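Trainee: Following this line is upload35.csv, made up of CSV, C-alpha atoms and all ligand atoms:
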chain,number,residue,atom,x,y,z
A,13,MET,CA,12.9,10.9,8.1
A,14,LEU,CA,14.1,7.6,9.5
A,15,PRO,CA,11.3,5.0,9.5
A,16,ILE,CA,10.7,2.8,12.5
A,17,ARG,CA,9.8,-0.9,12.4
A,18,ARG,CA,6.7,-1.4,14.7
A,19,ASP,CA,5.7,-4.9,15.5
A,20,LEU,CA,1.9,-4.3,15.8
A,21,HIS,CA,-0.9,-6.8,15.7
A,22,PHE,CA,-4.4,-6.0,14.7
A,23,SER,CA,-7.1,-8.3,15.9
A,24,ILE,CA,-9.4,-8.0,13.0
A,25,ASP,CA,-12.7,-9.8,13.3
A,26,PRO,CA,-12.8,-12.5,10.6
A,27,ALA,CA,-16.7,-12.4,10.7
A,28,ARG,CA,-16.5,-8.8,9.4
A,29,VAL,CA,-14.2,-9.4,6.5
A,30,CYS,CA,-17.0,-9.0,3.9
A,31,ASP,CA,-18.6,-5.9,5.4
A,32,TRP,CA,-16.1,-3.9,7.6
A,33,HIS,CA,-16.1,-0.7,5.6
A,34,GLY,CA,-18.6,2.0,6.5
A,35,ARG,CA,-19.7,2.4,2.9
A,36,GLY,CA,-20.8,-1.2,2.5
A,37,ARG,CA,-19.7,-4.5,1.0
A,38,ILE,CA,-18.6,-3.4,-2.4
A,39,VAL,CA,-16.2,-0.8,-1.0
A,40,THR,CA,-15.1,-3.4,1.6
A,41,HIS,CA,-14.2,-5.7,-1.3
A,42,PHE,CA,-12.3,-3.0,-3.1
A,43,MET,CA,-10.1,-2.5,-0.1
A,44,ASN,CA,-9.9,-6.3,0.3
A,45,ALA,CA,-8.7,-6.6,-3.3
A,46,LEU,CA,-5.9,-4.1,-2.5
A,47,SER,CA,-5.0,-6.2,0.5
A,48,LEU,CA,-4.5,-9.3,-1.8
A,49,PHE,CA,-1.5,-7.5,-3.4
A,50,PHE,CA,0.3,-6.5,-0.3
A,51,PRO,CA,2.2,-9.6,1.0
A,52,ASP,CA,3.8,-10.5,-2.3
A,53,GLY,CA,4.1,-7.0,-3.5
A,54,GLU,CA,5.9,-6.0,-0.4
A,55,ARG,CA,8.2,-9.0,-0.7
A,56,PHE,CA,9.0,-7.8,-4.2
A,57,PHE,CA,9.8,-4.3,-2.9
A,58,ILE,CA,12.1,-5.8,-0.2
A,59,HIS,CA,13.9,-7.9,-2.7
A,60,SER,CA,14.5,-5.0,-5.1
A,61,VAL,CA,15.7,-2.6,-2.4
A,62,ARG,CA,17.8,-5.2,-0.5
A,63,TYR,CA,19.8,-5.8,-3.7
A,64,TYR,CA,21.2,-2.3,-3.5
A,65,ARG,CA,21.6,-2.0,0.3
A,66,GLU,CA,25.3,-3.0,0.5
A,67,ARG,CA,26.1,-0.7,-2.4
A,68,LEU,CA,25.0,2.4,-0.6
A,69,ALA,CA,27.8,4.6,0.7
A,70,ASP,CA,25.5,6.6,3.0
A,71,PRO,CA,25.0,4.7,6.3
A,72,GLU,CA,21.9,6.7,7.1
A,73,LEU,CA,20.2,5.6,3.9
A,74,ARG,CA,21.3,2.0,4.7
A,75,ASP,CA,19.6,2.2,8.1
A,76,ALA,CA,16.5,3.6,6.4
A,77,VAL,CA,16.5,0.6,4.0
A,78,THR,CA,16.7,-1.7,7.0
A,79,ALA,CA,13.8,0.0,8.6
A,80,PHE,CA,11.9,0.0,5.3
A,81,ILE,CA,12.4,-3.7,5.0
A,82,GLY,CA,11.2,-4.2,8.6
A,83,GLN,CA,8.1,-2.1,8.0
A,84,GLU,CA,7.1,-3.9,4.8
A,85,ALA,CA,7.7,-7.3,6.4
A,86,MET,CA,5.3,-6.3,9.2
A,87,HIS,CA,2.7,-5.1,6.7
A,88,GLY,CA,3.0,-8.3,4.8
A,89,ARG,CA,2.5,-10.4,8.0
A,90,GLU,CA,-0.6,-8.5,9.0
A,91,HIS,CA,-2.1,-8.5,5.5
A,92,THR,CA,-1.4,-12.2,5.3
A,93,ALA,CA,-3.6,-12.7,8.4
A,94,TYR,CA,-6.3,-10.4,6.9
A,95,ASN,CA,-6.2,-12.3,3.6
A,96,GLY,CA,-6.5,-15.6,5.5
A,97,ALA,CA,-9.7,-14.2,7.0
A,98,MET,CA,-11.0,-13.6,3.4
A,99,ALA,CA,-10.1,-17.2,2.4
A,100,ALA,CA,-11.9,-18.5,5.6
A,101,ALA,CA,-15.0,-16.6,4.6
A,102,GLY,CA,-15.1,-18.4,1.3
A,103,LEU,CA,-13.5,-15.7,-0.9
A,104,PRO,CA,-11.0,-16.8,-3.6
A,105,ALA,CA,-8.1,-15.0,-1.8
A,106,GLU,CA,-5.6,-17.9,-2.2
A,107,PRO,CA,-5.8,-18.3,-6.0
A,108,LEU,CA,-5.8,-14.6,-6.5
A,109,GLN,CA,-2.7,-14.1,-4.3
A,110,ARG,CA,-0.9,-17.0,-6.1
A,111,ARG,CA,-1.4,-15.1,-9.3
A,112,VAL,CA,0.2,-12.0,-7.9
A,113,ALA,CA,3.1,-14.1,-6.6
A,114,ALA,CA,3.6,-15.8,-9.9
A,115,LEU,CA,3.6,-12.5,-11.8
A,116,LEU,CA,6.2,-10.9,-9.4
A,117,GLU,CA,8.4,-14.0,-9.5
A,118,GLN,CA,8.4,-13.6,-13.3
A,119,LEU,CA,9.4,-10.0,-13.0
A,120,LYS,CA,12.3,-10.9,-10.7
A,121,VAL,CA,13.6,-13.3,-13.4
A,122,ILE,CA,13.1,-11.2,-16.5
A,123,LEU,CA,13.7,-7.6,-15.4
A,124,PRO,CA,17.2,-6.1,-14.6
A,125,ALA,CA,17.7,-4.9,-11.1
A,126,PRO,CA,17.3,-1.1,-12.0
A,127,THR,CA,13.9,-1.8,-13.6
A,128,GLN,CA,12.8,-3.8,-10.7
A,129,LEU,CA,13.7,-0.9,-8.4
A,130,GLY,CA,11.9,1.4,-10.9
A,131,ILE,CA,8.7,-0.7,-10.6
A,132,THR,CA,9.1,-0.6,-6.8
A,133,ILE,CA,9.4,3.2,-6.6
A,134,ALA,CA,6.4,3.5,-8.9
A,135,LEU,CA,4.3,1.2,-6.7
A,136,GLU,CA,5.6,3.0,-3.6
A,137,HIS,CA,4.4,6.3,-5.2
A,138,LEU,CA,1.0,4.8,-5.7
A,139,THR,CA,0.8,3.5,-2.1
A,140,ALA,CA,2.1,6.8,-0.8
A,141,ILE,CA,-0.6,8.9,-2.6
A,142,MET,CA,-3.4,6.5,-1.6
A,143,ALA,CA,-2.1,6.5,2.0
A,144,ASN,CA,-2.1,10.3,2.0
A,145,ALA,CA,-5.6,10.3,0.7
A,146,LEU,CA,-6.7,8.0,3.5
A,147,LEU,CA,-5.0,10.0,6.2
A,148,ALA,CA,-5.8,13.4,5.0
A,149,HIS,CA,-9.4,12.6,4.2
A,150,PRO,CA,-10.7,10.3,6.9
A,151,ASP,CA,-14.2,10.4,5.4
A,152,LEU,CA,-12.8,7.7,3.0
A,153,ILE,CA,-12.8,5.2,5.8
A,154,GLU,CA,-15.2,6.7,8.3
A,155,GLY,CA,-17.9,4.5,9.9
A,156,SER,CA,-15.7,1.4,9.5
A,157,ASP,CA,-14.9,-1.4,11.9
A,158,PRO,CA,-12.3,0.1,14.3
A,159,ASN,CA,-9.8,-2.8,14.0
A,160,TYR,CA,-9.9,-2.9,10.2
A,161,SER,CA,-9.5,0.9,10.0
A,162,ALA,CA,-6.7,0.8,12.5
A,163,LEU,CA,-4.8,-1.7,10.4
A,164,TRP,CA,-5.3,0.4,7.3
A,165,ARG,CA,-4.3,3.6,9.2
A,166,TRP,CA,-1.1,2.0,10.5
A,167,HIS,CA,-0.2,0.9,7.0
A,168,ALA,CA,-0.9,4.3,5.6
A,169,LEU,CA,1.1,6.0,8.3
A,170,GLU,CA,4.2,3.8,7.7
A,171,GLU,CA,3.8,4.1,3.9
A,172,THR,CA,4.0,7.8,4.4
A,173,GLU,CA,7.0,7.5,6.8
A,174,HIS,CA,9.0,5.4,4.4
A,175,LYS,CA,7.7,6.8,1.1
A,176,ALA,CA,11.1,8.2,0.0
A,177,VAL,CA,13.4,5.4,1.0
A,178,ALA,CA,13.2,3.3,-2.2
A,179,PHE,CA,13.2,6.5,-4.2
A,180,ASP,CA,16.4,7.7,-2.6
A,181,VAL,CA,18.0,4.3,-3.2
A,182,TYR,CA,17.0,4.6,-6.9
A,183,GLU,CA,18.5,8.1,-7.2
A,184,ARG,CA,21.7,7.1,-5.5
A,185,THR,CA,22.3,3.9,-7.5
A,186,VAL,CA,20.4,4.0,-10.8
A,187,GLY,CA,20.8,7.8,-11.0
A,188,THR,CA,19.0,11.0,-11.9
A,189,GLY,CA,19.9,11.3,-15.6
A,190,ALA,CA,17.7,10.9,-18.6
A,191,THR,CA,17.8,7.1,-18.7
A,192,ALA,CA,16.9,6.9,-15.0
A,193,TYR,CA,14.1,9.4,-15.5
A,194,ALA,CA,12.8,7.4,-18.5
A,195,VAL,CA,12.8,4.1,-16.5
A,196,ARG,CA,11.1,5.7,-13.5
A,197,ALA,CA,8.4,7.6,-15.5
A,198,SER,CA,7.6,4.6,-17.8
A,199,SER,CA,7.5,2.3,-14.8
A,200,LEU,CA,4.7,4.4,-13.3
A,201,VAL,CA,2.7,4.2,-16.5
A,202,VAL,CA,3.1,0.4,-16.8
A,203,ALA,CA,2.8,-0.4,-13.1
A,204,SER,CA,-0.3,1.8,-12.7
A,205,THR,CA,-2.0,0.3,-15.8
A,206,ILE,CA,-1.3,-3.3,-14.8
A,207,PHE,CA,-2.2,-2.7,-11.1
A,208,ALA,CA,-5.5,-0.9,-11.9
A,209,ALA,CA,-6.5,-3.7,-14.3
A,210,LEU,CA,-5.7,-6.4,-11.7
A,211,VAL,CA,-7.4,-4.5,-8.9
A,212,PHE,CA,-10.5,-4.1,-11.0
A,213,ALA,CA,-10.5,-7.9,-11.9
A,214,TYR,CA,-9.8,-9.0,-8.4
A,215,HIS,CA,-12.5,-6.6,-7.0
A,216,LEU,CA,-15.1,-8.2,-9.4
A,217,ARG,CA,-14.0,-11.7,-8.4
A,218,LEU,CA,-14.5,-10.8,-4.7
A,219,VAL,CA,-17.9,-9.2,-5.2
A,220,ALA,CA,-19.0,-12.1,-7.4
A,221,ALA,CA,-18.0,-14.5,-4.5
A,222,ASP,CA,-20.1,-12.6,-2.0
A,223,PRO,CA,-23.9,-13.1,-2.7
A,224,LYS,CA,-24.8,-10.4,-0.2
A,225,ALA,CA,-22.7,-7.8,-2.0
A,226,ARG,CA,-25.0,-7.5,-5.0
A,227,LYS,CA,-27.0,-4.4,-3.9
A,228,VAL,CA,-27.5,-1.3,-6.1
A,229,ARG,CA,-27.0,0.9,-3.1
A,230,ASP,CA,-23.6,-0.6,-2.3
A,231,GLY,CA,-22.7,-0.2,-6.0
A,232,LEU,CA,-23.5,3.5,-6.0
A,233,ARG,CA,-21.5,4.0,-2.8
A,234,MET,CA,-18.6,2.3,-4.6
A,235,VAL,CA,-18.9,4.7,-7.6
A,236,GLY,CA,-18.9,7.7,-5.2
A,237,PHE,CA,-15.9,6.2,-3.2
A,238,LEU,CA,-13.8,6.0,-6.3
A,239,TYR,CA,-15.1,8.5,-8.8
A,240,GLY,CA,-17.0,11.0,-6.7
A,241,ARG,CA,-16.1,14.7,-6.2
A,242,LYS,CA,-14.4,13.7,-3.0
A,243,GLY,CA,-13.5,10.2,-4.3
A,244,LEU,CA,-10.2,8.4,-4.1
A,245,LEU,CA,-9.3,8.9,-7.8
A,246,ARG,CA,-9.9,12.7,-7.6
A,247,ARG,CA,-7.7,12.8,-4.5
A,248,ILE,CA,-4.7,11.0,-6.1
A,249,ALA,CA,-4.8,12.2,-9.7
A,250,GLY,CA,-2.8,15.4,-9.2
A,251,PRO,CA,-0.1,13.7,-7.0
A,252,TRP,CA,0.1,10.8,-9.5
A,253,LEU,CA,0.9,13.3,-12.3
A,254,ASP,CA,3.6,15.1,-10.2
A,255,TYR,CA,5.8,12.0,-10.4
A,256,PHE,CA,6.5,12.9,-14.1
A,257,ARG,CA,8.2,16.1,-13.2
A,258,PRO,CA,11.9,15.6,-13.9
A,259,GLY,CA,13.0,16.8,-10.4
A,260,PHE,CA,10.2,15.1,-8.5
A,261,HIS,CA,10.9,13.8,-5.0
A,262,PRO,CA,8.3,12.2,-2.7
A,263,TRP,CA,8.8,14.7,0.1
A,264,GLN,CA,7.8,17.6,-2.3
A,265,HIS,CA,4.4,16.4,-1.1
A,266,ASP,CA,5.2,17.5,2.4
A,267,ASN,CA,2.6,15.6,4.5
A,268,ARG,CA,4.9,15.1,7.6
A,269,ALA,CA,2.2,16.7,9.7
A,270,LEU,CA,0.0,13.6,9.2
A,271,LEU,CA,2.7,11.6,11.1
A,272,ASP,CA,2.2,13.7,14.3
A,273,GLU,CA,-0.2,11.2,15.6
A,274,ILE,CA,1.9,8.1,15.0
A,275,ASP,CA,3.4,7.7,18.5
A,276,ALA,CA,0.0,8.1,20.2
A,277,PHE,CA,-1.5,5.8,17.7
A,278,THR,CA,1.2,3.1,18.3
A,279,ALA,CA,0.8,3.4,22.0
A,280,ARG,CA,-2.9,2.9,21.7
A,281,ILE,CA,-2.5,-0.2,19.6
A,282,GLU,CA,0.2,-1.6,22.0
A,283,ARG,CA,-2.2,-1.1,24.9
A,284,GLU,CA,-4.9,-2.9,23.0
A,285,MET,CA,-2.5,-5.8,22.2
A,286,LEU,CA,-1.7,-6.1,25.9
A,287,THR,CA,-5.4,-6.2,26.8
A,288,ALA,CA,-6.1,-8.8,24.2
A,289,ALA,CA,-3.1,-11.0,25.3
B,301,FE,FE,3.6,-1.6,3.1
B,302,FE,FE,5.9,0.8,1.1
What would the structure in this file look like if it were written as structure tokens?
Mentor:
Amino acid sequence: MLPIRRDLHFSIDPARVCDWHGRGRIVTHFMNALSLFFPDGERFFIHSVRYYRERLADPELRDAVTAFIGQEAMHGREHTAYNGAMAAAGLPAEPLQRRVAALLEQLKVILPAPTQLGITIALEHLTAIMANALLAHPDLIEGSDPNYSALWRWHALEETEHKAVAFDVYERTVGTGATAYAVRASSLVVASTIFAALVFAYHLRLVAADPKARKVRDGLRMVGFLYGRKGLLRRIAGPWLDYFRPGFHPWQHDNRALLDEIDAFTARIEREMLTAA
């Protein structure tokens, strides 16, 4: 699977940034909280993978790394615009993003390269299983503003497309032995714990900054979205655990069929970009 860099723009309506999700403002701010992590998170992924690119003997994997970097850079650009809309709406997007950036800069200084790559593949696993949930269960985003859902759909499709790239780099460079396994498995535990705690805190900050978000009905919809029988956490719990199997590889979750729509989707967005221009 060779990922393709697609230079797509999504004209999200800044006026809808606090209530674009079909399930109301609190779910909207949950997704918004995730968006705050992307630009700097993706720069960190690029940094950790690029370090190994020239050491790869396999030219195909080197090309995949180049495409991976291109895709993550495009995601970062679009989420930066999205996060700018949050800031313009009076949400504390800038200070919250600065904190993510500072944390990741620290990690770049204190962690050795293999551990940085271990953190990257752990976070790529998290994004891949969330992307799969979103694509395989469209009810999680149904009824939402079409431009915001298109942006999330594009990101989910490309996260699926490149989900094994950093993982393959890890296996070829850090290895597949006991130490490499210990670093990758412990990285998922640490990265998931810190990420979940930060998303929770950021979500609270965004909801607190939006006076219209304090509605019991929206709160209940959020509980259902995350913890319900068909909620996000139920959808990702099993795939999250699979990562701890010693021989795990991201394509053992074979969801290539979800990518069948990617060309038609890209063509539609490109047409919309032309119309908007
Ligand atoms: Fe991404
Ligand atoms: Fe990614």
Trainee: Give me, as a list in words, all polymer residues having an atom no more than 8 Å from range 175-190 of chain A, counting all atoms listed in the file and skipping those fewer than 3 positions away in the same chain.
Mentor: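 So, after excluding close chain neighbours, the residues are Val61, Tyr64, Arg67, Leu68, Leu73, Ala76, Val77, Phe80, Pro126, Leu129, Gly130, Thr132, Ile133, Glu136, His137, Ala140, Glu171, Thr172, Tyr193, Ala194, His261, Pro262 and Trp263 of chain A.
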Trainee: Residues up to 9 Å from ligand FE 301 (chain B), counting only C-alpha atoms and all ligand atoms: could you list those as number ranges by chain?
Mentor: A: 50-51, 53-54, 80, 83-88, 136, 139, 167-168, 170-171, 174
Trainee: Quick one: write out the picked residues with C-alpha atoms as a short mmCIF file (atom, residue, chain, number, x, y, z; two decimals), keeping the file's coordinate frame?
Mentor:
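Here's the written file out-v4.cif:
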data_model
loop_
_atom_site.label_atom_id
_atom_site.label_comp_id
_atom_site.auth_asym_id
_atom_site.auth_seq_id
_atom_site.Cartn_x
_atom_site.Cartn_y
_atom_site.Cartn_z
CA PHE A 50 0.30 -6.50 -0.30
CA PRO A 51 2.20 -9.60 1.00
CA GLY A 53 4.10 -7.00 -3.50
CA GLU A 54 5.90 -6.00 -0.40
CA PHE A 80 11.90 0.00 5.30
CA GLN A 83 8.10 -2.10 8.00
CA GLU A 84 7.10 -3.90 4.80
CA ALA A 85 7.70 -7.30 6.40
CA MET A 86 5.30 -6.30 9.20
CA HIS A 87 2.70 -5.10 6.70
CA GLY A 88 3.00 -8.30 4.80
CA GLU A 136 5.60 3.00 -3.60
CA THR A 139 0.80 3.50 -2.10
CA HIS A 167 -0.20 0.90 7.00
CA ALA A 168 -0.90 4.30 5.60
CA GLU A 170 4.20 3.80 7.70
CA GLU A 171 3.80 4.10 3.90
CA HIS A 174 9.00 5.40 4.40
#
Trainee: Using all atoms listed in the file, find the one residue out of A:Gly155, A:Gly250, A:Gly34, A:Pro15 that sits nearest to ligand FE 302 (chain B).
Mentor: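 So, comparing all the options, the nearest one is A:Pro15.
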Trainee: Hey, which of A:Glu106, A:Glu66, A:Asp157, A:Asp31 ends up closest to Ala93 in chain A? Count only C-alpha atoms.
Mentor: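 Looking only at the distances to Ala93 in chain A, the closest residue turns out to be A:Glu106.
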Trainee: Find, counting all atoms listed in the file, the residue in A:Met142, A:Ala288, A:Ala99, A:Leu115 that gets nearest to ligand FE 302 (chain B).
Mentor: A:Met142
Trainee: Rounded to one decimal place, report the CA of Arg283 in chain A-CA of Met13 in chain A distance in Å.
Mentor: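 Computing the Euclidean distance for CA of Arg283 in chain A and CA of Met13 in chain A yields 25.6 Å.
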Trainee: Kindly give the distance, in Å, that separates CA of Ala225 in chain A and CA of Leu135 in chain A, rounded to a single decimal.
Mentor: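 It comes out at 28.8 Å.
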Trainee: Would you mind reading off the distance between CA of Leu116 in chain A and CA of Phe56 in chain A, one decimal, in Å?
Mentor: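 It comes out at 6.7 Å.
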Trainee: For Ser156 in chain A, list every protein, DNA or RNA residue within 8 Å, evaluated using all atoms listed in the file, and leave out those in the same chain fewer than 4 positions away; present the list as a list in words.
Mentor: Trp32, His33, Gly34, Arg35, Tyr160 and Ser161 of chain A
Trainee: My list of candidates is A:Leu218, A:Thr78, A:Gly259, A:Ile58. Which is closest to Pro107 in chain A when distances are computed with only C-alpha atoms?
Mentor: A:Leu218
Trainee: Given all atoms listed in the file as the basis, pick out the residue of A:Val202, A:Met285, A:Val211, A:Ala197 nearest to Pro258 in chain A.
Mentor: A:Ala197
Trainee: Using all atoms listed in the file, which residues sit within 12 Å of Tyr214 in chain A once same-chain residues fewer than 2 positions away are excluded, as a ChimeraX atom specification?
Mentor: /A:41-49,103-109,111-112,207-212,216-221
Trainee: Return the single residue from A:Gly82, A:Pro26, A:Pro223, A:Gly236 that is closest to ligand FE 302 (chain B), with distances computed using all atoms listed in the file.
Mentor: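 Result for the nearest residue to ligand FE 302 (chain B): A:Gly82.
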Trainee: Enumerate, as a VMD selection string, the protein, DNA and RNA residues whose atoms approach (1.2, -6.7, 15.6) to within 9 Å, taking into account only C-alpha atoms and the coordinate frame of the file.
Mentor: chain A and resid 18 to 23 86 89 to 90 281 to 282 285
Trainee: Go ahead and dump the residues you just picked, C-alpha atoms, as an mmCIF file, keeping the file's coordinate frame.
Mentor:
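See part.cif below for the written result:
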data_model
loop_
_atom_site.group_PDB
_atom_site.id
_atom_site.type_symbol
_atom_site.label_atom_id
_atom_site.label_comp_id
_atom_site.auth_asym_id
_atom_site.auth_seq_id
_atom_site.Cartn_x
_atom_site.Cartn_y
_atom_site.Cartn_z
ATOM 1 C CA ARG A 18 6.700 -1.400 14.700
ATOM 2 C CA ASP A 19 5.700 -4.900 15.500
ATOM 3 C CA LEU A 20 1.900 -4.300 15.800
ATOM 4 C CA HIS A 21 -0.900 -6.800 15.700
ATOM 5 C CA PHE A 22 -4.400 -6.000 14.700
ATOM 6 C CA SER A 23 -7.100 -8.300 15.900
ATOM 7 C CA MET A 86 5.300 -6.300 9.200
ATOM 8 C CA ARG A 89 2.500 -10.400 8.000
ATOM 9 C CA GLU A 90 -0.600 -8.500 9.000
ATOM 10 C CA ILE A 281 -2.500 -0.200 19.600
ATOM 11 C CA GLU A 282 0.200 -1.600 22.000
ATOM 12 C CA MET A 285 -2.500 -5.800 22.200
#
